[in-house]
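Structure data follow from target-v3.tsv (TSV, C-alpha atoms):
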```
chain	number	residue	atom	x	y	z
A	13	MET	CA	68.66	16.47	-46.03
A	14	ILE	CA	72.28	17.54	-45.72
A	15	THR	CA	73.39	14.25	-47.28
A	16	LEU	CA	71.15	14.83	-50.30
A	17	GLN	CA	72.46	18.36	-50.74
A	18	LEU	CA	76.01	17.10	-50.61
A	19	LEU	CA	75.14	14.40	-53.13
A	20	VAL	CA	73.78	16.96	-55.58
A	21	ASN	CA	76.80	19.21	-55.10
A	22	GLY	CA	79.13	16.25	-55.53
A	23	LEU	CA	77.37	15.10	-58.68
A	24	ALA	CA	77.57	18.62	-60.13
A	25	LEU	CA	81.29	18.85	-59.43
A	26	GLY	CA	81.79	15.32	-60.73
A	27	ALA	CA	79.88	16.08	-63.91
A	28	ALA	CA	82.25	18.94	-64.67
A	29	TYR	CA	85.28	16.79	-63.80
A	30	ALA	CA	83.87	14.11	-66.11
A	31	LEU	CA	83.99	16.49	-69.08
A	32	VAL	CA	87.63	17.29	-68.28
A	33	ALA	CA	88.54	13.60	-68.01
A	34	LEU	CA	86.52	12.70	-71.10
A	35	GLY	CA	88.39	15.18	-73.27
A	36	PHE	CA	91.65	13.98	-71.74
A	37	VAL	CA	91.02	10.31	-72.52
A	38	LEU	CA	89.73	10.97	-76.05
A	39	VAL	CA	93.03	12.60	-76.99
A	40	LEU	CA	94.97	9.91	-75.13
A	41	ASN	CA	93.24	7.13	-77.08
A	42	ALA	CA	93.67	8.85	-80.44
A	43	THR	CA	97.34	9.79	-80.03
A	44	ALA	CA	98.73	7.54	-77.25
A	45	ALA	CA	100.08	10.77	-75.75
A	46	VAL	CA	99.01	12.70	-72.66
A	47	ASN	CA	97.74	16.23	-73.20
A	48	PHE	CA	99.09	18.02	-70.13
A	49	ALA	CA	97.47	21.26	-71.30
A	50	GLN	CA	93.97	19.89	-70.62
A	51	GLY	CA	93.66	21.61	-67.24
A	52	ASP	CA	94.74	24.94	-68.67
A	53	LEU	CA	92.20	24.53	-71.46
A	54	VAL	CA	89.53	24.23	-68.76
A	55	MET	CA	90.81	27.49	-67.31
A	56	ALA	CA	90.73	29.07	-70.78
A	57	GLY	CA	87.11	28.03	-71.25
A	58	GLY	CA	86.12	29.61	-67.95
A	59	LEU	CA	87.90	32.88	-68.71
A	60	LEU	CA	86.46	32.88	-72.22
A	61	GLY	CA	82.99	32.83	-70.67
A	62	VAL	CA	84.01	35.67	-68.35
A	63	ALA	CA	85.31	37.72	-71.28
A	64	LEU	CA	82.38	37.12	-73.64
A	65	ALA	CA	79.48	37.58	-71.24
A	66	PRO	CA	79.44	41.41	-71.16
A	67	HIS	CA	80.00	41.85	-74.90
A	68	LEU	CA	77.50	39.60	-76.65
A	69	PRO	CA	74.31	41.44	-77.68
A	70	GLY	CA	71.02	41.07	-75.93
A	71	TYR	CA	71.99	40.02	-72.42
A	72	LEU	CA	74.35	41.76	-70.02
A	73	PRO	CA	75.63	39.50	-68.66
A	74	LEU	CA	74.49	36.74	-71.00
A	75	PRO	CA	73.33	33.60	-69.14
A	76	GLY	CA	75.86	30.81	-69.32
A	77	LEU	CA	73.45	28.50	-71.12
A	78	LEU	CA	73.44	30.82	-74.13
A	79	LEU	CA	77.20	31.27	-73.89
A	80	LEU	CA	77.83	27.53	-73.91
A	81	PRO	CA	77.63	26.90	-77.69
A	82	VAL	CA	79.87	29.90	-78.35
A	83	VAL	CA	82.46	28.60	-75.89
A	84	LEU	CA	82.25	25.11	-77.40
A	85	VAL	CA	82.91	26.39	-80.93
A	86	LEU	CA	85.74	28.74	-79.97
A	87	MET	CA	87.43	26.15	-77.76
A	88	ALA	CA	87.16	23.56	-80.54
A	89	GLY	CA	89.05	26.00	-82.74
A	90	LEU	CA	91.68	26.37	-80.03
A	91	GLY	CA	91.95	22.58	-79.95
A	92	LEU	CA	92.72	22.52	-83.65
A	93	LEU	CA	95.48	25.09	-83.10
A	94	LEU	CA	96.86	23.04	-80.21
A	95	ALA	CA	96.98	19.89	-82.32
A	96	ALA	CA	98.62	21.71	-85.23
A	97	ALA	CA	101.25	23.35	-83.04
A	98	ALA	CA	101.94	20.89	-80.21
A	99	TYR	CA	101.15	17.43	-81.60
A	100	LEU	CA	101.29	17.03	-85.39
A	101	PRO	CA	104.87	18.31	-85.85
A	102	LEU	CA	106.03	15.90	-83.12
A	103	ARG	CA	103.87	12.85	-83.80
A	104	ARG	CA	106.82	10.80	-85.10
A	105	ARG	CA	109.01	11.76	-82.15
A	106	PRO	CA	109.14	9.94	-78.79
A	107	PRO	CA	106.05	10.52	-76.59
A	108	VAL	CA	108.04	12.69	-74.20
A	109	ALA	CA	108.29	15.33	-76.94
A	110	VAL	CA	104.49	15.67	-77.01
A	111	PHE	CA	104.34	15.70	-73.21
A	112	ILE	CA	106.75	18.63	-73.13
A	113	SER	CA	105.03	20.48	-75.97
A	114	THR	CA	101.63	20.27	-74.25
A	115	ILE	CA	103.17	21.41	-70.96
A	116	ALA	CA	104.64	24.38	-72.86
A	117	ALA	CA	101.23	25.09	-74.42
A	118	GLY	CA	99.68	25.09	-70.95
A	119	ILE	CA	102.29	27.53	-69.66
A	120	ILE	CA	101.59	29.82	-72.62
A	121	LEU	CA	97.88	29.72	-71.80
A	122	GLN	CA	98.58	30.47	-68.12
A	123	ASN	CA	100.79	33.45	-68.85
A	124	GLY	CA	98.49	34.78	-71.53
A	125	ALA	CA	95.53	34.57	-69.14
A	126	SER	CA	97.53	36.31	-66.41
A	127	ALA	CA	98.46	39.13	-68.77
A	128	LEU	CA	94.89	39.59	-69.98
A	129	PHE	CA	92.88	39.03	-66.79
A	130	GLY	CA	95.29	39.39	-63.89
A	131	PRO	CA	95.65	36.90	-61.03
A	132	GLU	CA	92.38	37.59	-59.21
A	133	PRO	CA	89.56	35.00	-59.28
A	134	ARG	CA	86.79	35.62	-61.80
A	135	ALA	CA	83.25	34.25	-62.02
A	136	ALA	CA	81.44	33.33	-65.22
A	137	PRO	CA	77.67	33.83	-65.48
A	138	PRO	CA	75.43	31.00	-64.24
A	139	LEU	CA	73.86	28.65	-66.77
A	140	LEU	CA	70.32	29.66	-65.81
A	141	SER	CA	70.30	31.85	-62.74
A	142	GLY	CA	71.94	32.07	-59.37
A	143	GLY	CA	68.79	31.00	-57.54
A	144	THR	CA	67.77	27.89	-55.66
A	145	LEU	CA	64.95	25.36	-55.90
A	146	ASP	CA	62.98	23.98	-52.97
A	147	LEU	CA	62.35	20.30	-53.71
A	148	GLY	CA	60.17	19.14	-50.88
A	149	GLY	CA	62.26	20.82	-48.23
A	150	LEU	CA	65.55	20.17	-49.99
A	151	VAL	CA	67.08	23.45	-51.18
A	152	VAL	CA	69.24	22.86	-54.25
A	153	ALA	CA	71.14	25.41	-56.31
A	154	GLU	CA	69.81	25.73	-59.85
A	155	GLN	CA	73.38	25.96	-61.09
A	156	SER	CA	74.18	22.50	-59.69
A	157	LEU	CA	71.22	20.92	-61.45
A	158	ALA	CA	72.04	22.76	-64.68
A	159	ILE	CA	75.67	21.56	-64.55
A	160	ILE	CA	74.52	17.95	-64.16
A	161	ALA	CA	72.02	18.27	-67.03
A	162	VAL	CA	74.42	19.97	-69.46
A	163	ALA	CA	77.27	17.58	-68.72
A	164	ALA	CA	74.95	14.59	-69.14
A	165	LEU	CA	73.76	15.91	-72.52
A	166	LEU	CA	77.32	16.50	-73.73
A	167	ILE	CA	78.48	13.04	-72.61
A	168	ALA	CA	75.42	11.43	-74.20
A	169	GLY	CA	76.14	13.36	-77.40
A	170	GLN	CA	79.70	12.06	-77.42
A	171	GLN	CA	78.45	8.50	-76.96
A	172	TRP	CA	75.99	8.91	-79.83
A	173	LEU	CA	78.67	10.42	-82.08
A	174	PHE	CA	81.13	7.59	-81.46
A	175	GLY	CA	78.59	4.80	-81.45
A	176	GLY	CA	76.00	5.83	-84.02
A	177	THR	CA	77.68	7.76	-86.82
A	178	GLN	CA	80.16	7.04	-89.60
A	179	LEU	CA	82.42	9.79	-88.26
A	180	GLY	CA	82.38	8.15	-84.85
A	181	ARG	CA	83.38	4.80	-86.32
A	182	ARG	CA	86.32	6.48	-88.04
A	183	LEU	CA	87.31	8.17	-84.80
A	184	ARG	CA	87.17	4.85	-82.95
A	185	ALA	CA	89.16	3.11	-85.68
A	186	THR	CA	91.84	5.79	-85.42
A	187	ALA	CA	92.00	5.37	-81.66
A	188	GLN	CA	92.19	1.57	-81.84
A	189	ASP	CA	94.75	1.15	-84.65
A	190	PRO	CA	95.85	4.25	-86.60
A	191	GLU	CA	97.95	2.30	-89.12
A	192	MET	CA	95.16	-0.13	-89.97
A	193	ALA	CA	92.66	2.74	-90.13
A	194	ARG	CA	94.94	4.57	-92.57
A	195	ALA	CA	95.26	1.43	-94.69
A	196	CYS	CA	91.45	1.24	-94.84
A	197	GLY	CA	91.21	4.78	-96.17
A	198	VAL	CA	90.44	6.63	-92.94
A	199	PRO	CA	91.99	10.15	-92.91
A	200	VAL	CA	93.84	9.62	-89.64
A	201	THR	CA	95.26	13.14	-89.38
A	202	ALA	CA	91.82	14.66	-89.82
A	203	MET	CA	90.40	12.30	-87.18
A	204	ILE	CA	93.14	13.32	-84.73
A	205	LEU	CA	92.36	16.99	-85.36
A	206	ILE	CA	88.66	16.36	-84.72
A	207	THR	CA	89.52	14.49	-81.52
A	208	PHE	CA	91.60	17.41	-80.27
A	209	ALA	CA	88.72	19.76	-81.13
A	210	LEU	CA	86.24	17.60	-79.19
A	211	GLY	CA	88.54	17.17	-76.20
A	212	THR	CA	89.22	20.89	-76.02
A	213	ALA	CA	85.55	21.75	-76.44
A	214	PHE	CA	84.70	19.50	-73.48
A	215	ALA	CA	87.43	21.19	-71.46
A	216	GLY	CA	85.99	24.59	-72.33
A	217	ALA	CA	82.49	23.50	-71.35
A	218	ALA	CA	83.81	22.25	-68.01
A	219	GLY	CA	85.55	25.58	-67.47
A	220	LEU	CA	82.34	27.50	-68.09
A	221	LEU	CA	80.39	25.18	-65.76
A	222	LEU	CA	82.95	25.42	-62.96
A	223	ALA	CA	83.74	29.13	-63.25
A	224	ASN	CA	80.44	30.29	-61.80
A	225	ARG	CA	80.41	28.34	-58.53
A	226	TYR	CA	84.14	27.79	-58.02
A	227	PHE	CA	85.61	30.82	-59.84
A	228	VAL	CA	88.56	30.65	-62.22
A	229	THR	CA	92.14	31.91	-62.05
A	230	PRO	CA	94.99	31.63	-64.58
A	231	THR	CA	96.72	29.01	-62.42
A	232	ALA	CA	93.66	26.79	-61.86
A	233	GLY	CA	94.63	24.31	-64.57
A	234	GLY	CA	97.26	22.44	-62.56
A	235	ASP	CA	94.78	21.03	-60.08
A	236	LEU	CA	92.33	20.11	-62.83
A	237	ILE	CA	94.82	18.14	-64.91
A	238	LEU	CA	95.71	16.15	-61.79
A	239	LYS	CA	92.03	15.38	-61.24
A	240	ALA	CA	91.67	14.25	-64.85
A	241	TYR	CA	94.76	12.07	-64.60
A	242	ILE	CA	93.51	10.51	-61.36
A	243	ALA	CA	90.05	9.92	-62.85
A	244	VAL	CA	91.53	8.13	-65.85
A	245	THR	CA	93.79	6.05	-63.62
A	246	ILE	CA	90.98	5.07	-61.28
A	247	GLY	CA	88.50	4.33	-64.04
A	248	GLY	CA	90.89	2.46	-66.32
A	249	TRP	CA	93.58	3.83	-68.58
A	250	GLY	CA	91.94	4.54	-71.94
A	251	SER	CA	88.36	3.75	-70.86
A	252	VAL	CA	85.83	6.47	-71.64
A	253	PRO	CA	83.17	5.14	-69.20
A	254	GLY	CA	85.94	4.64	-66.66
A	255	ALA	CA	87.07	8.26	-66.96
A	256	VAL	CA	83.52	9.47	-66.33
A	257	ALA	CA	83.02	7.10	-63.40
A	258	GLY	CA	86.41	8.01	-61.94
A	259	ALA	CA	85.61	11.72	-62.14
A	260	LEU	CA	82.30	11.22	-60.34
A	261	LEU	CA	83.96	9.16	-57.62
A	262	ILE	CA	86.65	11.81	-57.10
A	263	ALA	CA	84.11	14.61	-56.73
A	264	LEU	CA	81.86	12.66	-54.37
A	265	PHE	CA	84.90	11.71	-52.29
A	266	GLU	CA	86.09	15.34	-52.15
A	267	VAL	CA	82.70	16.75	-51.20
A	268	GLY	CA	81.94	14.02	-48.66
A	269	VAL	CA	85.29	14.09	-46.88
A	270	SER	CA	85.51	17.89	-46.98
A	271	SER	CA	82.13	18.19	-45.28
A	272	VAL	CA	83.30	16.00	-42.41
A	273	LEU	CA	86.97	16.98	-42.14
A	274	SER	CA	88.53	19.55	-44.48
A	275	TYR	CA	89.47	20.02	-48.12
A	276	PRO	CA	93.23	19.51	-47.58
A	277	VAL	CA	92.52	16.27	-45.74
A	278	ALA	CA	90.21	15.20	-48.57
A	279	LEU	CA	92.98	15.80	-51.12
A	280	GLY	CA	95.52	13.91	-49.04
A	281	LEU	CA	93.20	10.93	-48.69
A	282	LEU	CA	92.39	11.07	-52.41
A	283	TYR	CA	96.05	10.77	-53.37
A	284	ALA	CA	96.55	8.02	-50.79
A	285	THR	CA	93.59	6.15	-52.31
A	286	LEU	CA	95.15	6.57	-55.76
A	287	LEU	CA	98.36	4.93	-54.54
A	288	VAL	CA	96.39	2.01	-53.14
A	289	ILE	CA	94.55	1.55	-56.45
A	290	LEU	CA	97.81	1.70	-58.42
A	291	VAL	CA	99.24	-1.07	-56.24
A	292	ALA	CA	96.14	-3.25	-55.90
A	293	ARG	CA	94.54	-2.78	-59.33
A	294	PRO	CA	96.84	-0.87	-61.71
A	295	GLN	CA	94.53	-1.47	-64.67
A	296	GLY	CA	91.80	0.59	-62.97
A	297	LEU	CA	88.23	-0.25	-62.09
A	298	PHE	CA	87.23	-0.89	-65.70
A	299	GLY	CA	90.29	-2.99	-66.48
A	300	GLU	CA	91.64	-1.29	-69.60
A	301	ALA	CA	94.73	-2.81	-71.13
A	302	ALA	CA	97.99	-1.54	-69.68
A	303	ARG	CA	99.54	-0.97	-73.12
A	304	ARG	CA	98.27	2.64	-73.02
A	305	ARG	CA	100.10	3.43	-69.82
A	306	ALA	CA	103.06	5.74	-70.35
```
Now, as a test, write the supplied structure out as structure tokens.
Amino acid sequence: MITLQLLVNGLALGAAYALVALGFVLVLNATAAVNFAQGDLVMAGGLLGVALAPHLPGYLPLPGLLLLPVVLVLMAGLGLLLAAAAYLPLRRRPPVAVFISTIAAGIILQNGASALFGPEPRAAPPLLSGGTLDLGGLVVAEQSLAIIAVAALLIAGQQWLFGGTQLGRRLRATAQDPEMARACGVPVTAMILITFALGTAFAGAAGLLLANRYFVTPTAGGDLILKAYIAVTIGGWGSVPGAVAGALLIALFEVGVSSVLSYPVALGLLYATLLVILVARPQGLFGEAARRRA
């Protein structure tokens, strides 16, 4: 029974991590640059849910499930601003320029959040309720099940968009070969902007999902960007399925080891495992080409 509870909790945490890593790898594939602000965008999404919940009409606080589309839209807009300010002016410069600009954007988000909300942890409203379900003797938090369901729907929606629509084909063409895509008439700049919007929207959704059970602080982004980076490295640099699988593995590892030993030990073992993977299989579990590695 305890093992099943831990599995559900691990899957819920991994589902949220998967959204973070998915947004991270989408931008990476489209731009060949790492968005180091991704973790702080997760934090921004969580605090956005905290800020909006008491002020939207009808529900006080509004359940997170009804807040989710609002957070997705607003965070997509923030992604467009991030691309316009931190990527497009530097796209012809060496990759390190974009790395630094996204780090600067993350610091701006951190300090802005600290000024607006203070350093104390905040909790966003649950997606459905804060209750539990008794599934044949197994007590499971409704929030955990809701996180898994919402993340699965968002990931499935991304797969449908990229695999079953004309827009998705243009986005994939931009990620695979921007120069060839431009020569074929694809508006590459617009596709990059859309990719930033999608990646940031996924980060915001993850922030809203995590902020209820794990709380959110202005400095929470640093740990999350490391988790995204590790997930992408484990799964395969540039692989979307690999990023999702890596995120799930990280969360299950954290929850499992923490339940037996402690969270600091789990983190230490996680980083040690990452080093082993980098040495033994640097292309990751899904074997993406190393040309993306920077």
Query - Interatomic distance (Å, one decimal) between CA of Ala33 (chain A) and CA of Ala240 (chain A) - result: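 Spanning CA of Ala33 (chain A) to CA of Ala240 (chain A) is a straight-line distance of 4.5 Å.
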Report task. Pick out the closest residue to Leu64 (chain A) from this set: A:Gly258, A:Leu183, A:Leu220, A:Gln171. Count all atoms listed in the file. Result ->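 Closest candidate: A:Leu220.
CA of Ala263 (chain A) sits 16.3 Å away from CA of Gly233 (chain A).
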Query raised in the report: Residues at most 6 Å from Ile115 (chain A), counting all atoms listed in the file, excluding those fewer than 3 positions away in the same chain, as a list in words?
Result: Phe48, Ala49, Ile112 and Gly118 of chain A
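Between CA of Leu286 (chain A) and CA of Thr245 (chain A) the separation is 8.0 Å.
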Query raised in the report: Which residue out of A:Pro276, A:Thr229, A:Ala255, A:Glu266 has the minimum interatomic distance to Pro133 (chain A) when all atoms listed in the file are used?
Result: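 Checking each of A:Pro276, A:Thr229, A:Ala255, A:Glu266 against Pro133 (chain A), counting all atoms listed in the file, the winner is A:Thr229.
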Requested in this report: Could you tell me which of A:Ala284, A:Ala202, A:Leu25, A:Val39 comes closest to Ile242 (chain A) if we count only C-alpha atoms?
Outcome: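 Looking at the shortest contact to Ile242 (chain A), the residue is A:Ala284.
The list of residues with at least one atom within 6 Å of region 76-87 of chain A, based on all atoms listed in the file and without residues fewer than 4 positions apart in the same chain, reads A:Pro137, A:Pro138, A:Leu139, A:Thr212, A:Ala213, A:Gly216.
Checking A:Ala136, A:Leu121, A:Gly35, A:Ala116 one by one against Ala65 (chain A), counting all atoms listed in the file, you find the shortest gap at A:Ala136.
Neighbouring residues of Arg225 (chain A) at 8 Å or closer, counting all atoms listed in the file and skipping chain neighbours under 3 positions away, are Ala135, Gln155, Leu221 and Leu222 of chain A.
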**Report entry** Proximity to Ala63 (chain A) - best of A:Val244, A:Leu128, A:Leu157, A:Leu273, all atoms listed in the file
**Finding:**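 With all atoms listed in the file as the atom set, the closest residue is A:Leu128.
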**Report entry** Of the listed residues A:Leu38, A:Val32, A:Ala185, A:Ala232, that which approaches Gln170 (chain A) most closely, counting all atoms listed in the file
**Finding:** A:Leu38
Report task. Mind checking which residues fall within 12 Å of Leu19 (chain A), counting all atoms listed in the file, ignoring those fewer than 6 positions away in the same chain, and posting them as a PyMOL selection string? Result -> chain A and resi 13+25-27+150+152+156-157+160+260-261+263-269+271
**Report entry** Residue neighbourhood region 188-200 of chain A, 8 Å, all atoms listed in the file, exclusion window fewer than 4 positions, as a ChimeraX atom specification
**Finding:** /A:41-42,182,184,204
